[in-house]
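Trainee: The structure is given below, and queries will be raised subsequently.
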Amino acid sequence: MRVKIRRLIKPVALNSVALLLLIFIVGPLLWVAIASIQGEKELLRQPTRFIPQNPTLDNYDYVFTGKIPTDLDVIGSSLRSRISQEARLIPAALKNSFLVATIVMLINLVIGPLAAYTFSRMTFRGKRASFNLILGSRLLPVIAIAIPYYVIIRSLGLLDTHLSLILVYLVLTLPFTIWFLTLYFNGIPTDFEDAALIDGCSTIQSLTRVVLPIALPGLVAAAAFAFMTSYNEFLFARFLTQSIDTHTGPVLIAAIAGNPDASYSLISVSMTLGLIPPLLLALILRRWLTEGLSTSITFR
Amino acid sequence: MRKAGGVKIGRRAYPYLSILPVLLVVAIFAIYPIIHAVRTSFYRNLLIRPNDHPFIGLDNFIEVISSYYFRNSMEVTGIYTVAVVIGVILYGLGVALLLNSAVRLAGPLKIVILLPWALPAVVSGLLWKWLLNADFGILNSLLFSAGLIEDYIPFLAVPSLARLSLIMAFIWKEGPLVAIFFLAALQLIPDEYYEAAKIDGGGTWQVFRYVTMPLLRPVLLVVAVYETMTAILTFDTIFVMTGGGPADATALISWFAYAEIFKSLDLGHGIALSIIIAMITLVLILIYLRLLRTEDSTV
């Protein structure tokens with residue numbers, strides 16, 4: 001009997017720890033989602049309820065259609081101040097984020113493998129120097145270059161354009177993409193390319209026809225990283241954008257949350273909407289992301 | 001075999017052409033701004049005096065280093081970084097060990113594990129600000145319902161608690177990444193090692209200490225340096241959670257640089273500070289490379 005209990009303790013203990021971890025990781029996300037479907041009055045109750053009594057989609061309605069939620073107190077004209085007009089700009093901001101991130105990802109996928117293949121397979125004068133230069137550019141604290149950036153972008157007349165963000169994010173993402181893909185290509189045996197070269201393939205053809213199909217998981221991972229880095233970026237987006245034409249998700253969410261007049265349910269709606277895209281990405285691509293991360297740490 | 005002149009030149013130029021796009025992007029948008037920044041740091045540059053930029057040599061650096069805020073932010077950054085790196089390594093190692101074992105809940109855990117890391121830092125910072133809210137935060141609510149506290153605690157208004165909150169937000173967001181790294185390294189350890197250790201009579205702790213830990217050391221080093229750099233450069237989270245914290249309690253060095261530029265409107269100071277941060281980061285990287293080299297020579 002004692003042996004049986006002893007044997008049970010370990011899995012039970014481990015499972016409880018795992019459960020606690022699960023709650024720790026997922027809890028905040030669930031909470032924000034629950035808060036977003038609660039009316040304002042219910043949300044501010046002390047102590048807070050986990051399961052909303054009157055779940056409502058009014059807040060989402062407001063963001064997408066402008067219909068004022070019904071749960072707010074109307075005292076004279078004070079209704080106005082709790083509704084932030086900014087919340088209605090969320091879909092537009094997310095669209096901006098998406099657009100910029102996708103373009104950056106695509107450019108990464110074109111330029112990245114091209115350069116990485118060269119670094120992986122060829123030797124040429126200046127290879128070490130250029131590789132270190134590209135990697136080294138990533139090591140700066142962005143605060144240092146944010147202001148010079150602003151000045152350069154402004155003198156180019158590119159403030160408040162998607163292009164300025166795309167250019168900045170390319171600098172932020174390309175070095176990592178190239179470093180990662182070089183590592184990845186290094187791990188692919190050259191036999192296939194040797195065979196292809198004998199058959200008369202040029203360098204570019206052996207890259208596109210032989211290596212890229214084999215390296216697909218690595219490419220997916222690199223694309224995902226580039227997308228995520230651009231989507232989640234905040235500092236440059238805040239400096240370089242000035243209107244909703246180019247405001248990205250994180251910038252708008254931070255602005256709404258920093259607005260002391262915004263209703264809390266609206267804040268949670270904007271946070272929920274803001275975290276759905278990266279969440280979906282991480283869930284769908286988690287196998288490639290995990291493989292990519294594991295590769296980068298175990299190869300040298 | 002003789003080739004036509006054109007093909008030969010094309011062959012030689014190919015490597016350079018293939019890396020040209022990257023080099024262009026890096027040169028124009030990374031190198032040039034850095035040079036511009038370094039040049040700016042040697043001049044007095046106050047945003048309220050746009051036409052008056054006298055050359056002052058190293059004065060910006062000297063003024064910044066000898067200011068109270070510098071000492072404060074170095075202290076805050078130091079404490080924060082040490083706490084956060086130790087915390088995130090313990091957390092990541094624990095989670096990795098858990099995921100590596102055959103626990104039933106390891107499955108769902110593996111699915112959700114990367115979610116916090118995938119979020120924008122502003123969202124994760126706001127999530128935690130939300131949870132720790134003094135009026136209706138869920139953490140306060142839970143503690144209150146469990147009878148552990150009498151009044152709601154204003155986490156972000158108490159300096160020590162505000163720092164703790166920042167640390168928690170960091171561990172929540174970066175922990176999964178560290179866990180994945182450790183998991184990858186753990187999975188590389190062949191089962192035979194564990195079996196041999198067990199045959200030799202090793203208990204769980206001894207196996208961990210003499211088999212697992214030595215094999216994890218390289219990864220541990222990489223993780224430590226990477227997370228240290230990430231910790232020093234924390235900015236987004238501070239921006240949305242504490243804005244420098246109650247009485248500068250969470251004014252990390254990156255926040256200090258931002259405040260110099262946007263609150264004190266002193267561009268020279270801000271950029272000098274950023275350069276100092278960059279140099280600290282550089283030293284860390286050199287240490288990392290040196291450590292890696294000694295690791296390789298002992299393996």
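By order of appearance in the structure tokens: chains A, B, ..., then residues from 1 within every chain, and ligands from 1 in the order shown.
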Would you pick out the contacts of Val26 (chain B) at 7 Å or less, using only C-alpha atoms, so that residues sharing its chain but fewer than 4 positions from it are not included, and give the list as a short mmCIF file (atom, residue, chain, number, x, y, z; two decimals) with N, CA and C atoms, in the first residue's frame?

Mentor:
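Ended up saving to out.cif:
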data_model
loop_
_atom_site.label_atom_id
_atom_site.label_comp_id
_atom_site.auth_asym_id
_atom_site.auth_seq_id
_atom_site.Cartn_x
_atom_site.Cartn_y
_atom_site.Cartn_z
N ILE A 134 27.01 42.29 -41.00
CA ILE A 134 25.55 42.11 -41.02
C ILE A 134 25.05 41.71 -39.64
N SER A 137 25.22 44.59 -36.96
CA SER A 137 24.26 45.68 -37.03
C SER A 137 23.07 45.42 -36.13
N VAL A 171 16.03 46.09 -41.52
CA VAL A 171 17.28 46.12 -40.78
C VAL A 171 17.19 45.28 -39.53
N VAL B 22 21.43 42.94 -48.95
CA VAL B 22 21.54 43.01 -47.49
C VAL B 22 22.51 44.10 -47.07
N ALA B 30 21.61 51.17 -41.03
CA ALA B 30 22.19 50.85 -39.73
C ALA B 30 23.50 51.60 -39.54
N ILE B 31 24.39 51.47 -40.50
CA ILE B 31 25.71 52.10 -40.35
C ILE B 31 25.58 53.61 -40.35
#

Trainee: When distances are computed from only C-alpha atoms, which of A:Arg138, A:Lys127, A:Lys4, A:Lys10 shows the smallest separation from Phe29 (chain B)?

Mentor: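 Under the stated criterion, the closest residue is A:Arg138.
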
Trainee: With distances taken over only C-alpha atoms, which of A:Phe192, A:Arg238, A:Ser243, A:Gly187 is nearest to Ser296 (chain A)?

Mentor: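 The closest residue to Ser296 (chain A) is A:Gly187.
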
Trainee: Which residues, written as a list in words, have at least one atom at most 6 Å from region 82-94 of chain B, with only C-alpha atoms counted and residues fewer than 3 positions away on the same chain left out?

Mentor: Ile79, Leu97, Ile167, Ile171, Gly175, Val178 and Ala179 of chain B

Trainee: For the residues in the current selection, export C-alpha atoms as a PDB file, in the first residue's frame.

Mentor:
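result.pdb written:
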ATOM      1  CA  ILE B  79      19.233  44.435  -9.893  1.00  0.00           C
ATOM      2  CA  LEU B  97      12.524  19.328 -17.374  1.00  0.00           C
ATOM      3  CA  ILE B 167      10.314  41.017 -13.333  1.00  0.00           C
ATOM      4  CA  ILE B 171       9.738  35.987 -16.902  1.00  0.00           C
ATOM      5  CA  GLY B 175      10.506  32.113 -20.001  1.00  0.00           C
ATOM      6  CA  VAL B 178      14.394  29.712 -22.520  1.00  0.00           C
ATOM      7  CA  ALA B 179      12.312  26.597 -21.882  1.00  0.00           C
TER       8      ALA B 179
END

Trainee: Residues of chain B that have any atom at most 6 Å from an atom of chain A: could you tabulate them with the shortest-distance atom pair and the distance in Å to one decimal, using only C-alpha atoms, ordered by chain and increasing number, as CSV?

Mentor:
residue,atom,partner,partner_atom,distance
B:Pro15,CA,A:Thr118,CA,5.9
B:Ser18,CA,A:Ala115,CA,5.5
B:Ile19,CA,A:Ala115,CA,4.8
B:Pro33,CA,A:Pro148,CA,5.3
B:Ala118,CA,A:Pro278,CA,5.9
B:Leu119,CA,A:Pro278,CA,5.9
B:Pro120,CA,A:Asn232,CA,4.2
B:Phe136,CA,A:Leu44,CA,5.8
B:Ser141,CA,A:Pro47,CA,4.9
B:Phe181,CA,A:Ser294,CA,5.9
B:Ala184,CA,A:Ser294,CA,5.1
B:Ile271,CA,A:Ala144,CA,5.7
B:Ser274,CA,A:Ala144,CA,4.7
B:Ala278,CA,A:Leu140,CA,5.6

Trainee: I need the residue nearest Met168 (chain B) from this list: B:Leu132, B:Ile180, B:Val25, B:Ala196. Use only C-alpha atoms for the distance.

Mentor: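 Under the stated criterion, the closest residue is B:Leu132.
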
Trainee: Please return as a ChimeraX atom specification: the residues of region 64-222 of chain A that backbone DSSP assigns to alpha helix (DSSP H).

Mentor: /A:64-65,79-82,90-121,127-136,142-155,162-186,191-198,203-205,212-214,216-222

Trainee: So which one's closest to Ile244 (chain A), A:Ala93, A:Ile37, A:Ile256, A:Ala223? Using only C-alpha atoms, please.

Mentor: A:Ala93

Trainee: Compile the contact shell of Ala134 (chain B) as a list in words: residues with an atom at most 9 Å away, counting only C-alpha atoms, same-chain residues fewer than 2 positions apart removed.

Mentor: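 Using only C-alpha atoms, the neighbours found are Trp130, Leu131, Leu132, Phe136, Gly137, Asn140, Tyr152, Ile153, Pro154, Phe155, Leu156 and Ala157 of chain B.
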
Trainee: Write out the residues from the selection above, keeping C-alpha atoms, as a PDB file, in the first residue's frame.

Mentor:
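Once written, result_32.pdb looks like this:
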ATOM      1  CA  TRP B 130      -4.252  44.720 -15.932  1.00  0.00           C
ATOM      2  CA  LEU B 131      -3.809  41.703 -13.672  1.00  0.00           C
ATOM      3  CA  LEU B 132      -2.095  43.751 -11.021  1.00  0.00           C
ATOM      4  CA  PHE B 136     -10.090  45.341  -9.953  1.00  0.00           C
ATOM      5  CA  GLY B 137      -7.023  43.312 -10.807  1.00  0.00           C
ATOM      6  CA  ASN B 140      -5.781  41.236  -5.893  1.00  0.00           C
ATOM      7  CA  TYR B 152      -6.228  45.516  -2.463  1.00  0.00           C
ATOM      8  CA  ILE B 153      -2.521  46.079  -3.012  1.00  0.00           C
ATOM      9  CA  PRO B 154      -1.480  48.788  -5.456  1.00  0.00           C
ATOM     10  CA  PHE B 155       1.294  46.727  -6.983  1.00  0.00           C
ATOM     11  CA  LEU B 156       2.517  49.293  -9.405  1.00  0.00           C
ATOM     12  CA  ALA B 157       2.573  52.144  -6.904  1.00  0.00           C
TER      13      ALA B 157
END

Trainee: Using only C-alpha atoms, which residues sit within 8 Å of region 57-66 of chain A once same-chain residues fewer than 5 positions away are excluded, as a list in words?

Mentor: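 That gives Ser36, Ile37, Gln38, Gly39, Ala87, Arg88, Leu89, Ile90, Pro91, Ser265, Leu266 and Val269 of chain A.
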
Trainee: Generate a file of the selected residues that holds N, CA and C atoms, formatted as a compact mmCIF listing (two decimals), in the first residue's frame.

Mentor:
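Written file, result.txt:
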# COMPACT_ATOMS: atom_id res chain seq x y z
N SER A 36 -13.20 41.11 -22.02
CA SER A 36 -13.66 41.86 -23.20
C SER A 36 -15.12 41.59 -23.51
N ILE A 37 -15.66 40.49 -22.97
CA ILE A 37 -17.07 40.27 -23.25
C ILE A 37 -17.96 40.64 -22.08
N GLN A 38 -17.38 41.35 -21.12
CA GLN A 38 -18.19 41.80 -20.00
C GLN A 38 -18.52 43.27 -20.16
N GLY A 39 -19.65 43.63 -19.60
CA GLY A 39 -19.99 45.03 -19.59
C GLY A 39 -19.13 45.76 -18.57
N ALA A 87 -10.72 53.35 -30.04
CA ALA A 87 -10.93 51.91 -30.12
C ALA A 87 -11.45 51.51 -31.50
N ARG A 88 -12.17 52.42 -32.15
CA ARG A 88 -12.73 52.05 -33.44
C ARG A 88 -11.67 51.96 -34.51
N LEU A 89 -10.47 52.43 -34.18
CA LEU A 89 -9.41 52.40 -35.19
C LEU A 89 -8.63 51.10 -35.16
N ILE A 90 -8.98 50.23 -34.22
CA ILE A 90 -8.23 48.98 -34.08
C ILE A 90 -8.15 48.18 -35.38
N PRO A 91 -9.25 47.91 -36.04
CA PRO A 91 -9.12 47.10 -37.27
C PRO A 91 -8.14 47.72 -38.26
N SER A 265 -13.50 47.92 -20.47
CA SER A 265 -13.90 46.83 -21.37
C SER A 265 -13.36 47.10 -22.76
N LEU A 266 -13.35 48.36 -23.17
CA LEU A 266 -12.83 48.67 -24.50
C LEU A 266 -11.35 48.36 -24.57
N VAL A 269 -10.96 44.80 -25.03
CA VAL A 269 -11.29 44.39 -26.39
C VAL A 269 -10.11 44.64 -27.33

Trainee: In terms of the shortest atom-to-atom distance over only C-alpha atoms, which of B:Glu174, B:Asp59, B:Ser66, B:Leu23 is closest to Ala129 (chain A)?

Mentor: B:Leu23

Trainee: Restricting the calculation to only C-alpha atoms, which member of B:Ala13, B:Val158, B:Leu267, B:Leu142 is positioned closest to Arg49 (chain B)?

Mentor: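 Closest to Arg49 (chain B) of all the choices is B:Leu267.
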